[in-house]
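work.tsv follows; it contains TSV, C-alpha atoms and all ligand atoms.
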```tsv
chain	number	residue	atom	x	y	z
K	1	GLN	CA	8.76	22.87	-4.50
K	2	PRO	CA	5.43	21.11	-3.70
K	3	PRO	CA	2.86	23.10	-1.71
K	4	PRO	CA	2.63	22.38	2.04
K	5	PRO	CA	-0.30	20.20	3.18
K	6	ARG	CA	-3.60	21.97	3.83
K	7	LEU	CA	-4.59	22.71	7.42
K	8	PRO	CA	-6.78	19.86	8.63
K	9	ARG	CA	-9.38	21.92	10.50
K	10	ALA	CA	-10.61	25.50	10.80
K	11	ARG	CA	-8.25	27.76	12.73
K	12	LYS	CA	-8.97	28.28	16.42
K	13	THR	CA	-6.19	30.38	17.87
K	14	LYS	CA	-2.90	31.15	16.25
K	15	GLN	CA	-1.10	28.93	18.78
K	16	SER	CA	-3.44	25.95	18.55
K	17	SER	CA	-3.54	26.09	14.76
K	18	SER	CA	0.22	25.92	14.53
K	19	ARG	CA	0.22	22.95	16.94
K	20	GLU	CA	-2.46	21.24	14.83
K	21	ARG	CA	-0.51	21.91	11.68
K	22	GLU	CA	2.64	20.41	13.19
K	23	ALA	CA	0.73	17.31	14.32
K	24	ALA	CA	-1.09	16.96	11.00
K	25	MET	CA	2.19	16.91	9.14
K	26	GLU	CA	3.60	14.16	11.36
K	27	VAL	CA	2.47	10.79	10.02
K	28	GLY	CA	3.52	7.24	10.86
K	29	PHE	CA	3.66	4.64	8.09
K	30	LEU	CA	3.66	0.88	8.70
K	31	GLY	CA	4.50	-1.47	5.83
K	32	LEU	CA	6.96	-0.56	3.07
K	33	GLY	CA	6.11	-3.04	0.36
K	34	ILE	CA	5.49	-2.07	-3.26
K	35	MET	CA	2.63	0.26	-2.31
K	36	GLY	CA	3.70	1.47	1.13
K	37	LYS	CA	7.11	2.63	0.00
K	38	ALA	CA	5.67	4.65	-2.90
K	39	MET	CA	2.98	6.18	-0.70
K	40	ALA	CA	5.36	7.12	2.11
K	41	ALA	CA	7.68	8.69	-0.46
K	42	ASN	CA	4.81	10.81	-1.78
K	43	LEU	CA	3.98	12.07	1.70
K	44	LEU	CA	7.62	13.00	2.25
K	45	ARG	CA	7.78	14.80	-1.09
K	46	HIS	CA	4.75	16.86	-0.06
K	47	GLY	CA	6.19	18.08	3.21
K	48	PHE	CA	4.84	15.53	5.68
K	49	ARG	CA	7.23	14.33	8.36
K	50	VAL	CA	7.02	10.55	8.15
K	51	THR	CA	8.18	7.89	10.59
K	52	VAL	CA	8.29	4.51	8.88
K	53	TRP	CA	8.33	0.94	10.12
K	54	ASN	CA	8.60	-2.33	8.25
K	55	ARG	CA	8.65	-5.86	9.64
K	56	THR	CA	11.76	-6.67	7.62
K	57	LEU	CA	14.24	-3.98	8.44
K	58	SER	CA	16.40	-4.58	5.37
K	59	LYS	CA	13.67	-2.95	3.27
K	60	VAL	CA	14.08	0.21	5.30
K	61	ARG	CA	17.82	0.09	5.14
K	62	ASP	CA	18.67	-1.14	1.64
K	63	ALA	CA	22.01	0.34	0.77
K	64	PRO	CA	21.67	3.11	-1.81
K	65	PRO	CA	24.40	3.68	-4.37
K	66	ILE	CA	25.53	6.84	-2.59
K	67	ARG	CA	25.53	6.83	1.18
K	68	ARG	CA	25.02	10.39	2.13
K	69	SER	CA	22.73	10.31	5.13
K	70	ILE	CA	23.09	9.07	8.65
K	71	ARG	CA	20.52	8.26	11.25
K	72	LEU	CA	20.93	9.78	14.68
K	73	ARG	CA	19.17	8.88	17.88
K	74	PHE	CA	19.13	10.79	21.11
K	75	GLY	CA	16.63	9.09	23.43
K	76	GLN	CA	13.22	9.68	21.88
K	77	ILE	CA	14.56	11.77	19.02
K	78	ASP	CA	15.21	9.77	15.89
K	79	ARG	CA	16.38	11.79	12.90
K	80	SER	CA	17.91	11.17	9.56
K	81	ILE	CA	20.49	13.80	8.66
K	82	HIS	CA	21.57	14.52	5.10
K	83	MET	CA	25.27	15.00	4.92
K	84	PRO	CA	26.26	17.80	2.57
K	85	CYS	CA	28.66	16.77	-0.16
K	86	SER	CA	31.27	18.91	1.56
K	87	VAL	CA	31.40	16.50	4.53
K	88	PRO	CA	34.00	13.93	3.55
K	89	PHE	CA	32.87	10.32	3.82
K	90	CYS	CA	35.75	9.51	6.22
K	91	PHE	CA	34.23	11.85	8.85
K	92	TYR	CA	30.97	9.92	9.13
K	93	PRO	CA	32.28	7.44	11.74
K	94	ILE	CA	33.50	10.32	13.87
K	95	ILE	CA	30.10	11.98	13.71
K	96	SER	CA	28.45	8.67	14.54
K	97	ARG	CA	30.63	8.09	17.59
K	98	THR	CA	29.76	11.54	18.83
K	99	CYS	CA	26.05	11.22	18.18
K	100	GLY	CA	25.27	7.60	19.02
K	101	ASP	CA	23.44	4.97	17.00
K	102	PHE	CA	23.38	5.45	13.23
K	103	CYS	CA	23.08	3.46	10.09
K	104	TRP	CA	24.91	3.89	6.84
K	105	GLN	CA	22.39	1.87	4.93
K	106	CYS	CA	19.67	4.49	4.69
K	107	ASP	CA	17.23	3.63	1.95
K	108	GLU	CA	15.52	6.13	-0.31
K	109	LEU	CA	12.89	7.00	2.28
K	110	VAL	CA	15.43	7.76	4.98
K	111	ALA	CA	17.46	9.74	2.49
K	112	MET	CA	14.27	11.70	1.77
K	113	GLY	CA	13.99	12.55	5.46
K	114	ALA	CA	11.96	9.71	6.99
K	115	ALA	CA	12.66	8.62	10.54
K	116	VAL	CA	12.54	4.93	11.37
K	117	GLY	CA	10.49	3.51	14.23
K	118	ASP	CA	11.49	0.31	16.01
K	119	THR	CA	7.96	-1.08	16.39
K	120	PRO	CA	4.41	-0.21	15.33
K	121	ALA	CA	3.80	0.87	18.94
K	122	SER	CA	6.71	3.31	18.91
K	123	VAL	CA	5.48	4.85	15.65
K	124	VAL	CA	1.98	5.34	17.09
K	125	ALA	CA	3.49	6.80	20.27
K	126	LYS	CA	5.30	9.40	18.19
K	127	CYS	CA	2.64	10.30	15.63
K	128	LYS	CA	-0.90	11.62	15.94
K	129	TYR	CA	-1.86	9.73	12.76
K	130	THR	CA	-0.53	6.37	11.62
K	131	ILE	CA	-1.20	4.76	8.24
K	132	ALA	CA	-0.71	1.05	7.48
K	133	MET	CA	-0.29	-0.69	4.10
K	134	LEU	CA	0.10	-4.40	4.75
K	135	SER	CA	-0.31	-7.55	2.72
K	136	ASP	CA	-3.46	-9.21	4.04
K	137	PRO	CA	-5.84	-9.67	6.99
K	138	SER	CA	-3.38	-11.67	9.07
K	139	ALA	CA	-0.67	-9.01	8.66
K	140	ALA	CA	-3.16	-6.23	9.43
K	141	LEU	CA	-4.28	-7.98	12.62
K	142	SER	CA	-0.77	-8.89	13.70
K	143	VAL	CA	0.49	-5.30	13.46
K	144	VAL	CA	-2.38	-4.13	15.65
K	145	PHE	CA	-2.83	-6.91	18.21
K	146	ASP	CA	0.62	-8.51	18.64
K	147	LYS	CA	3.27	-7.45	21.13
K	148	ASP	CA	4.62	-3.96	20.36
K	149	GLY	CA	1.60	-3.46	18.15
K	150	VAL	CA	-0.55	-0.43	17.43
K	151	LEU	CA	-2.95	-1.13	20.32
K	152	GLU	CA	-0.24	-0.61	22.91
K	153	GLN	CA	-0.02	3.10	22.13
K	154	ILE	CA	-3.26	4.08	20.42
K	155	GLY	CA	-5.58	6.21	22.51
K	156	GLU	CA	-7.44	9.50	22.87
K	157	GLY	CA	-6.44	12.01	20.18
K	158	LYS	CA	-4.73	9.46	17.94
K	159	GLY	CA	-5.89	8.09	14.60
K	160	TYR	CA	-5.11	4.83	12.83
K	161	VAL	CA	-5.77	4.38	9.11
K	162	ASP	CA	-5.42	0.97	7.49
K	163	MET	CA	-5.12	1.17	3.70
K	164	SER	CA	-4.44	-2.55	3.17
K	165	THR	CA	-6.92	-4.67	1.22
K	166	VAL	CA	-8.67	-6.82	3.82
K	167	ASP	CA	-12.20	-8.10	4.45
K	168	ALA	CA	-14.86	-6.16	6.37
K	169	ALA	CA	-14.59	-8.45	9.42
K	170	THR	CA	-10.90	-7.60	9.80
K	171	SER	CA	-11.59	-3.87	9.55
K	172	CYS	CA	-14.40	-4.13	12.11
K	173	LYS	CA	-12.23	-6.08	14.56
K	174	ILE	CA	-9.47	-3.48	14.36
K	175	SER	CA	-11.99	-0.65	14.61
K	176	GLU	CA	-13.57	-2.06	17.77
K	177	ALA	CA	-10.22	-2.54	19.48
K	178	VAL	CA	-8.94	0.92	18.54
K	179	LYS	CA	-12.19	2.57	19.69
K	180	GLN	CA	-12.07	0.69	23.00
K	181	LYS	CA	-8.70	2.31	23.62
K	182	GLY	CA	-10.15	5.76	22.85
K	183	GLY	CA	-8.57	6.11	19.41
K	184	ALA	CA	-10.18	6.62	16.01
K	185	PHE	CA	-10.01	4.28	13.02
K	186	VAL	CA	-10.59	4.59	9.29
K	187	GLU	CA	-10.25	1.79	6.74
K	188	ALA	CA	-9.07	3.18	3.43
K	189	PRO	CA	-8.09	0.56	0.86
K	190	VAL	CA	-7.01	1.89	-2.50
K	191	SER	CA	-7.64	1.16	-6.13
K	192	GLY	CA	-4.61	1.67	-8.33
K	193	SER	CA	-1.30	-0.10	-8.47
K	194	LYS	CA	2.39	0.74	-8.16
K	195	LYS	CA	2.47	3.50	-10.78
K	196	PRO	CA	-0.62	5.35	-9.47
K	197	ALA	CA	0.87	5.01	-5.98
K	198	GLU	CA	4.09	6.61	-7.20
K	199	ASP	CA	2.18	9.36	-8.99
K	200	GLY	CA	-0.29	10.09	-6.16
K	201	GLN	CA	-3.15	8.92	-8.40
K	202	LEU	CA	-4.80	6.29	-6.20
K	203	VAL	CA	-8.54	6.06	-5.65
K	204	ILE	CA	-9.18	5.92	-1.90
K	205	LEU	CA	-12.16	3.93	-0.59
K	206	ALA	CA	-12.56	5.07	3.00
K	207	ALA	CA	-15.09	4.31	5.72
K	208	GLY	CA	-15.41	4.53	9.49
K	209	ASP	CA	-14.72	7.54	11.71
K	210	LYS	CA	-15.74	10.63	9.71
K	211	ALA	CA	-13.80	13.09	11.85
K	212	LEU	CA	-10.60	11.14	11.35
K	213	TYR	CA	-11.37	10.89	7.63
K	214	ASP	CA	-11.65	14.69	7.49
K	215	ASP	CA	-8.33	15.04	9.30
K	216	MET	CA	-6.73	12.71	6.78
K	217	VAL	CA	-7.94	14.56	3.68
K	218	PRO	CA	-4.64	16.47	3.27
K	219	ALA	CA	-2.75	13.16	3.23
K	220	PHE	CA	-5.36	11.50	0.99
K	221	ASP	CA	-5.09	14.45	-1.41
K	222	VAL	CA	-1.39	13.71	-1.75
K	223	LEU	CA	-1.82	9.94	-2.12
K	224	GLY	CA	-4.78	9.86	-4.44
K	225	LYS	CA	-6.69	11.61	-7.21
K	226	LYS	CA	-10.02	11.02	-5.48
K	227	SER	CA	-11.21	9.76	-2.13
K	228	PHE	CA	-14.66	8.38	-1.39
K	229	PHE	CA	-16.12	8.29	2.11
K	230	LEU	CA	-18.39	5.25	2.04
K	231	GLY	CA	-19.99	5.43	5.48
K	232	GLU	CA	-19.97	2.62	7.98
K	233	MET	CA	-16.95	0.50	8.77
K	234	GLY	CA	-16.52	-2.38	6.31
K	235	ASN	CA	-17.90	-0.56	3.28
K	236	GLY	CA	-14.39	0.43	2.14
K	237	ALA	CA	-13.21	-3.18	2.29
K	238	LYS	CA	-16.32	-4.43	0.49
K	239	MET	CA	-16.03	-1.86	-2.30
K	240	LYS	CA	-12.37	-2.71	-2.81
K	241	LEU	CA	-13.12	-6.44	-2.97
K	242	VAL	CA	-15.89	-5.93	-5.54
K	243	VAL	CA	-13.56	-3.82	-7.70
K	244	ASN	CA	-10.73	-6.37	-7.50
K	245	MET	CA	-13.07	-9.28	-8.14
K	246	ILE	CA	-14.01	-7.58	-11.42
K	247	MET	CA	-10.37	-6.80	-12.19
K	248	GLY	CA	-9.25	-10.39	-11.57
K	249	SER	CA	-12.01	-11.78	-13.77
K	250	MET	CA	-11.14	-9.28	-16.51
K	251	MET	CA	-7.49	-10.32	-16.37
K	252	ASN	CA	-8.51	-13.94	-16.93
K	253	ALA	CA	-10.81	-13.09	-19.85
K	254	PHE	CA	-8.06	-10.92	-21.35
K	255	SER	CA	-5.48	-13.70	-21.03
K	256	GLU	CA	-7.84	-16.23	-22.62
K	257	GLY	CA	-8.46	-13.79	-25.46
K	258	LEU	CA	-4.72	-13.39	-26.09
K	259	CYS	CA	-4.33	-17.19	-26.16
K	260	LEU	CA	-7.32	-17.63	-28.45
K	261	ALA	CA	-6.05	-15.00	-30.88
K	262	ASP	CA	-2.63	-16.61	-30.95
K	263	LYS	CA	-3.92	-20.21	-31.35
K	264	SER	CA	-6.35	-19.26	-34.08
K	265	GLY	CA	-3.67	-17.64	-36.18
K	266	LEU	CA	-4.23	-13.98	-35.31
K	267	SER	CA	-1.63	-11.51	-34.15
K	268	PRO	CA	-2.06	-10.86	-30.38
K	269	GLN	CA	-0.50	-7.43	-30.95
K	270	THR	CA	-3.23	-6.62	-33.46
K	271	LEU	CA	-5.78	-7.80	-30.90
K	272	LEU	CA	-4.34	-5.25	-28.42
K	273	ASP	CA	-4.67	-2.52	-31.06
K	274	VAL	CA	-8.27	-3.50	-31.81
K	275	LEU	CA	-9.22	-3.67	-28.10
K	276	ASP	CA	-7.71	-0.27	-27.46
K	277	LEU	CA	-10.00	1.38	-29.99
K	278	GLY	CA	-13.26	-0.21	-28.90
K	279	ALA	CA	-15.80	-0.13	-26.11
K	280	ILE	CA	-13.75	-2.33	-23.77
K	281	ALA	CA	-10.53	-0.31	-24.00
K	282	ASN	CA	-9.12	0.23	-20.52
K	283	PRO	CA	-5.85	1.22	-18.82
K	284	MET	CA	-5.21	-2.32	-17.54
K	285	PHE	CA	-5.24	-3.95	-20.99
K	286	LYS	CA	-3.18	-1.07	-22.36
K	287	MET	CA	-0.56	-1.24	-19.62
K	288	LYS	CA	-0.29	-5.00	-19.07
K	289	GLY	CA	-0.90	-6.26	-22.62
K	290	PRO	CA	2.52	-5.47	-24.15
K	291	SER	CA	4.48	-6.93	-21.21
K	292	MET	CA	2.26	-10.06	-21.20
K	293	LEU	CA	3.06	-10.62	-24.86
K	294	GLN	CA	6.75	-10.42	-23.97
K	295	GLY	CA	6.30	-12.83	-21.05
K	296	SER	CA	7.50	-10.16	-18.61
K	297	TYR	CA	5.87	-10.15	-15.19
K	298	ASN	CA	7.74	-7.78	-12.87
K	299	PRO	CA	5.38	-7.42	-9.92
K	300	ALA	CA	3.34	-4.23	-9.67
K	301	PHE	CA	0.42	-6.09	-8.11
K	302	PRO	CA	1.64	-9.49	-6.87
K	303	LEU	CA	-0.55	-12.41	-7.91
K	304	LYS	CA	-0.72	-13.72	-4.33
K	305	HIS	CA	-2.54	-10.50	-3.35
K	306	GLN	CA	-4.95	-10.72	-6.30
K	307	GLN	CA	-5.78	-14.30	-5.31
K	308	LYS	CA	-6.32	-13.17	-1.71
K	309	ASP	CA	-8.74	-10.53	-3.00
K	310	MET	CA	-10.62	-13.10	-5.13
K	311	ARG	CA	-10.86	-15.39	-2.10
K	312	LEU	CA	-12.20	-12.59	0.11
K	313	ALA	CA	-14.63	-11.42	-2.60
K	314	LEU	CA	-15.94	-14.95	-3.06
K	315	SER	CA	-16.47	-15.18	0.67
K	316	LEU	CA	-18.42	-11.90	0.53
K	317	GLY	CA	-20.47	-13.53	-2.24
K	318	ASP	CA	-21.10	-16.55	0.03
K	319	GLU	CA	-22.28	-14.29	2.86
K	320	ASN	CA	-24.72	-12.53	0.53
K	321	ALA	CA	-25.79	-15.60	-1.50
K	322	VAL	CA	-24.46	-14.05	-4.71
K	323	SER	CA	-23.52	-16.61	-7.35
K	324	MET	CA	-20.19	-15.68	-8.98
K	325	PRO	CA	-19.14	-18.45	-11.38
K	326	VAL	CA	-16.87	-16.18	-13.42
K	327	ALA	CA	-14.99	-14.99	-10.34
K	328	ALA	CA	-14.79	-18.55	-9.00
K	329	ALA	CA	-13.21	-19.82	-12.22
K	330	SER	CA	-10.76	-16.90	-12.20
K	331	ASN	CA	-9.84	-17.70	-8.62
K	332	GLU	CA	-9.00	-21.25	-9.67
K	333	ALA	CA	-6.58	-19.92	-12.30
K	334	PHE	CA	-4.91	-17.64	-9.73
K	335	LYS	CA	-4.69	-20.54	-7.27
K	336	LYS	CA	-3.10	-22.70	-9.95
K	337	ALA	CA	-0.54	-19.94	-10.59
K	338	ARG	CA	0.25	-19.81	-6.87
K	339	SER	CA	0.68	-23.56	-6.74
K	340	LEU	CA	3.24	-23.23	-9.54
K	341	GLY	CA	5.26	-20.78	-7.44
K	342	LEU	CA	4.19	-17.66	-9.38
K	343	GLY	CA	2.61	-15.80	-6.44
K	344	ASP	CA	5.26	-13.10	-6.15
K	345	LEU	CA	5.09	-12.16	-9.84
K	346	ASP	CA	2.60	-9.70	-11.27
K	347	PHE	CA	-0.97	-10.99	-11.36
K	348	SER	CA	-0.88	-10.85	-15.17
K	349	VAL	CA	1.33	-13.97	-14.99
K	350	VAL	CA	-1.95	-15.90	-14.84
K	351	HIS	CA	-1.63	-15.60	-18.64
K	352	GLU	CA	1.11	-18.25	-18.50
K	353	VAL	CA	-1.20	-20.65	-16.64
K	354	LEU	CA	-3.94	-20.18	-19.20
K	355	LYS	CA	-1.41	-20.66	-22.00
K	356	GLY	CA	-0.30	-23.87	-20.30
K	357	THR	CA	-3.78	-25.29	-19.86
K	358	GLY	CA	-5.27	-24.57	-23.23
K	359	GLY	CA	-3.33	-21.95	-25.03
K	360	SER	CA	-0.02	-21.74	-26.81
K	361	GLY	CA	2.16	-22.98	-23.90
C	1	LIG	N1	0.53	-3.72	-5.38
C	1	LIG	C1	-0.62	-3.22	-5.80
C	1	LIG	O1	-0.78	-2.92	-6.99
C	1	LIG	C2	-1.74	-2.97	-4.86
C	1	LIG	C3	-1.83	-3.56	-3.64
C	1	LIG	N2	-2.89	-3.31	-2.83
C	1	LIG	C4	-3.00	-3.91	-1.51
C	1	LIG	O2	-2.09	-3.20	-0.68
C	1	LIG	C5	-1.50	-4.06	0.27
C	1	LIG	C6	0.01	-4.02	0.13
C	1	LIG	O3	0.33	-4.43	-1.17
C	1	LIG	P1	1.85	-4.44	-1.71
C	1	LIG	O4	2.57	-3.25	-1.22
C	1	LIG	O5	1.74	-4.68	-3.17
C	1	LIG	O6	2.38	-5.75	-1.01
C	1	LIG	P2	3.87	-6.21	-0.68
C	1	LIG	O7	3.82	-7.69	-0.65
C	1	LIG	O8	4.84	-5.54	-1.58
C	1	LIG	O9	4.10	-5.64	0.80
C	1	LIG	C7	3.42	-6.21	1.90
C	1	LIG	C8	3.82	-5.50	3.17
C	1	LIG	O10	3.17	-6.15	4.28
C	1	LIG	C9	4.16	-6.49	5.24
C	1	LIG	N3	3.78	-7.69	5.99
C	1	LIG	C10	3.39	-8.89	5.49
C	1	LIG	N4	3.07	-9.73	6.50
C	1	LIG	C11	3.31	-9.05	7.66
C	1	LIG	C12	3.17	-9.38	9.03
C	1	LIG	N5	2.73	-10.57	9.44
C	1	LIG	N6	3.49	-8.44	9.93
C	1	LIG	C13	3.92	-7.22	9.54
C	1	LIG	N7	4.07	-6.84	8.27
C	1	LIG	C14	3.75	-7.76	7.32
C	1	LIG	C15	5.43	-6.72	4.43
C	1	LIG	O11	6.53	-6.67	5.27
C	1	LIG	P3	7.90	-7.45	4.88
C	1	LIG	O12	8.65	-6.53	3.99
C	1	LIG	O13	8.56	-7.68	6.19
C	1	LIG	O14	7.50	-8.73	4.19
C	1	LIG	C16	5.33	-5.55	3.46
C	1	LIG	O15	5.71	-4.36	4.07
C	1	LIG	C17	-2.13	-5.44	0.02
C	1	LIG	O16	-3.23	-5.59	0.88
C	1	LIG	C18	-2.57	-5.36	-1.42
C	1	LIG	O17	-3.65	-6.24	-1.71
C	1	LIG	C19	-3.89	-2.44	-3.18
C	1	LIG	C20	-3.85	-1.80	-4.38
C	1	LIG	C21	-2.79	-2.04	-5.34
C	2	LIG	O1	-5.43	-3.87	-5.97
C	2	LIG	C1	-4.88	-3.66	-7.03
C	2	LIG	C2	-5.14	-2.55	-7.87
C	2	LIG	O2	-4.51	-2.41	-8.95
C	2	LIG	O3	-6.03	-1.73	-7.52
```
I'd like the structure from this file rewritten - as structure tokens, please.
Amino acid sequence: QPPPPRLPRARKTKQSSSREREAAMEVGFLGLGIMGKAMAANLLRHGFRVTVWNRTLSKVRDAPPIRRSIRLRFGQIDRSIHMPCSVPFCFYPIISRTCGDFCWQCDELVAMGAAVGDTPASVVAKCKYTIAMLSDPSAALSVVFDKDGVLEQIGEGKGYVDMSTVDAATSCKISEAVKQKGGAFVEAPVSGSKKPAEDGQLVILAAGDKALYDDMVPAFDVLGKKSFFLGEMGNGAKMKLVVNMIMGSMMNAFSEGLCLADKSGLSPQTLLDVLDLGAIANPMFKMKGPSMLQGSYNPAFPLKHQQKDMRLALSLGDENAVSMPVAAASNEAFKKARSLGLGDLDFSVVHEVLKGTGGSG
């Protein structure tokens, strides 16, 4: 049994601390892609009550192999109920008729106890804190500013935390709008992919409202192995873009090296072994190398997101007059991969492009 989340603030009175604890454990989560789903699951496993929303509802309601929970709604109350094995399947419709709206197709999160919100606004209305994990700047802005968006319900006493990878301008625009409504905002992009998200081993790069950051530490402790508070709004986004610019360039150099080894008559597997023992050994080469040699590119970090990060990092370079020829060349390879329809595969699929243009392909 995992330990309950820490109290967010020092105790005041017994009554107020129990109210704070209740509120702190109630978190909204917008965006259930590769990362969001794993992160929301972690929060649920650690005792947080989570209300989730995703633009495409089917991701929330994918049918699991065993349908053992139902979703009940009574006005504002929206609960997922686990049916004990002793309740025969044939009784579910009867329960549903008695209790109102329900869905059979509860996905893993609902089966773990998540409630489902209809809109970002309804999630923010319900929860003191709402986290978002969305694909890119346009998604991040849409979820906040569009109809039924976050802005409709954010206000005094509520916090919004966007963990998507976006540029500093996007974070600042959201921050201004949230603050104007009386709410608090933290940007908190993460370093670490699907597996670290599943294992609660992300590195969190936060900036913005320090009080909200402090409130979020119990959740960040569950999601990550370390969180950095980087000061003023935009610094989290910038740090994340610098890190991913380096990562994208490394992936290109690695792929070229695998091609070069292969074309010059060396064993790429032996190259992996040699790299792993030397000064440039790193978890990315170790994890991605074997699957790249097999030509297997199940997406942990989709290439379209890596290319978005290269684009945003290059734009940050433009703003600051920093010449980045290595990153620019890497961006071209990622763009080429996108143009070939490879954007939804793992970013390591750029290896195939490099093979095609000069390597073994
Ligand atoms: N995967 C990784 O390894 C890592 C990813 N990141 C960053 O985290 C973020 C999420 O990544 P990941 O989970 O991999 O991405 P996915 O592509 O798996 O998920 C993207 C999510 O954004 C939602 N979305 C996209 N456009 C919109 C929109 N216009 N309005 C509302 N929702 C939208 C999608 O909803 P729908 O299901 O409806 O399409 C989905 O929930 C990205 O910014 C990425 O760069 C950061 C670290 C690691
Ligand atoms: O953004 C991707 C990651 O692995 O970090």
List as a short mmCIF file (atom, residue, chain, number, x, y, z; two decimals) with C-alpha atoms, in the frame of the given file the protein and nucleic acid residues lying within 9 Å of ligand LIG 2 (chain C), with all atoms listed in the file counted.
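What follows is the written file selection30.cif:
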```cif
data_model
loop_
_atom_site.label_atom_id
_atom_site.label_comp_id
_atom_site.auth_asym_id
_atom_site.auth_seq_id
_atom_site.Cartn_x
_atom_site.Cartn_y
_atom_site.Cartn_z
CA THR K 165 -6.92 -4.67 1.22
CA PRO K 189 -8.09 0.56 0.86
CA VAL K 190 -7.01 1.89 -2.50
CA SER K 191 -7.64 1.16 -6.13
CA GLY K 192 -4.61 1.67 -8.33
CA SER K 193 -1.30 -0.10 -8.47
CA LYS K 194 2.39 0.74 -8.16
CA PRO K 196 -0.62 5.35 -9.47
CA LEU K 202 -4.80 6.29 -6.20
CA VAL K 203 -8.54 6.06 -5.65
CA LYS K 240 -12.37 -2.71 -2.81
CA LEU K 241 -13.12 -6.44 -2.97
CA VAL K 243 -13.56 -3.82 -7.70
CA ASN K 244 -10.73 -6.37 -7.50
CA MET K 247 -10.37 -6.80 -12.19
CA MET K 284 -5.21 -2.32 -17.54
CA ALA K 300 3.34 -4.23 -9.67
CA PHE K 301 0.42 -6.09 -8.11
CA PRO K 302 1.64 -9.49 -6.87
CA HIS K 305 -2.54 -10.50 -3.35
CA GLN K 306 -4.95 -10.72 -6.30
CA ASP K 309 -8.74 -10.53 -3.00
#
```
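One finds CA of Ala313 in chain K at 6.1 Å from CA of Met245 in chain K.
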query: What is the CA of Leu212 in chain K to CA of Gly159 in chain K distance in Å?
result: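 Between CA of Leu212 in chain K and CA of Gly159 in chain K the gap works out to 6.5 Å.
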- request: Excluding Val161 in chain K and residues on its chain fewer than 6 positions from it, collect all residues at most 8 Å away from it, counting only C-alpha atoms, and give them as number ranges by chain.
  value: K: 129-132, 185-188
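The shell of residues at most 10 Å from Arg338 in chain K, with all atoms listed in the file counted and near chain neighbours (fewer than 3 positions) removed, consists of K:Leu303, K:Lys304, K:Gln307, K:Glu332, K:Ala333, K:Phe334, K:Lys335, K:Gly341, K:Leu342, K:Gly343, K:Asp344, K:Leu345, K:Phe347, K:Val350, K:Val353.
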Need the axis-aligned box for ligand LIG 1 (chain C) with 6 Å each side, so what are the centre and edges in Å to one decimal, as AutoDock Vina command-line options?
```
--center_x 2.4 --center_y -6.2 --center_z 1.5 --size_x 24.5 --size_y 20.8 --size_z 28.9
```
- prompt: Do you have the CA of Met163 in chain K-atom O3 of ligand LIG 1 (chain C) distance handy?
  reply: 9.2 Å
field: Pick from K:Lys173, K:His46, K:Lys308, K:Lys210 nearest to ligand LIG 1 (chain C), counting only C-alpha atoms and all ligand atoms
entry: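 Residue with the minimum atom-to-atom distance to ligand LIG 1 (chain C): K:Lys308.
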- prompt: Which residue gives the smallest distance to Gly224 in chain K among K:Leu151, K:Leu275, K:Ala38, K:Val123, with only C-alpha atoms counted?
  reply: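 Residue with the minimum atom-to-atom distance to Gly224 in chain K: K:Ala38.
Each of K:Asn252, K:Asn235, K:Gln201, K:Ser164 was checked against ligand LIG 1 (chain C) using all atoms listed in the file; the smallest atom-to-atom distance is that of K:Ser164.
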query: Which is closest to ligand LIG 1 (chain C) among K:Leu293, K:Ala139, K:Ala169, K:Val27, if we use all atoms listed in the file?
result: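 Looking only at the distances to ligand LIG 1 (chain C), the closest residue turns out to be K:Ala139.
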task: Return the single residue from K:Asp199, K:Asp214, K:Asp346, K:Asp262 that is closest to ligand LIG 1 (chain C), with distances computed using all atoms listed in the file.
output: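 For ligand LIG 1 (chain C), the nearest of the given residues is K:Asp346.
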message: Given all atoms listed in the file as the basis, pick out the residue of K:Met310, K:Leu57, K:Met216, K:Leu258 nearest to Asp118 in chain K.
response: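 Counting all atoms listed in the file, the residue closest to Asp118 in chain K is K:Leu57.
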Since fewer atoms than expected are present, regenerate N, CA and C atoms for range 189-195 of chain K and write them as a PDB file, in the coordinates of the input.
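After the write, selection_17.pdb holds the following:
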```pdb
ATOM      1  N   PRO K 189      -8.787   1.257   1.932  1.00  0.00           N
ATOM      2  CA  PRO K 189      -8.090   0.560   0.860  1.00  0.00           C
ATOM      3  C   PRO K 189      -8.089   1.405  -0.409  1.00  0.00           C
ATOM      4  N   VAL K 190      -7.177   1.047  -1.311  1.00  0.00           N
ATOM      5  CA  VAL K 190      -7.010   1.890  -2.500  1.00  0.00           C
ATOM      6  C   VAL K 190      -7.160   1.083  -3.774  1.00  0.00           C
ATOM      7  N   SER K 191      -7.640   1.735  -4.800  1.00  0.00           N
ATOM      8  CA  SER K 191      -7.640   1.160  -6.130  1.00  0.00           C
ATOM      9  C   SER K 191      -6.541   1.869  -6.905  1.00  0.00           C
ATOM     10  N   GLY K 192      -5.767   1.072  -7.644  1.00  0.00           N
ATOM     11  CA  GLY K 192      -4.610   1.670  -8.330  1.00  0.00           C
ATOM     12  C   GLY K 192      -3.370   0.954  -7.859  1.00  0.00           C
ATOM     13  N   SER K 193      -2.441   0.766  -8.776  1.00  0.00           N
ATOM     14  CA  SER K 193      -1.300  -0.100  -8.470  1.00  0.00           C
ATOM     15  C   SER K 193      -0.032   0.719  -8.198  1.00  0.00           C
ATOM     16  N   LYS K 194       1.107   0.106  -8.507  1.00  0.00           N
ATOM     17  CA  LYS K 194       2.390   0.740  -8.160  1.00  0.00           C
ATOM     18  C   LYS K 194       2.547   2.130  -8.792  1.00  0.00           C
ATOM     19  N   LYS K 195       2.253   2.224 -10.081  1.00  0.00           N
ATOM     20  CA  LYS K 195       2.470   3.500 -10.780  1.00  0.00           C
ATOM     21  C   LYS K 195       1.543   4.606 -10.221  1.00  0.00           C
TER      22      LYS K 195
END
```
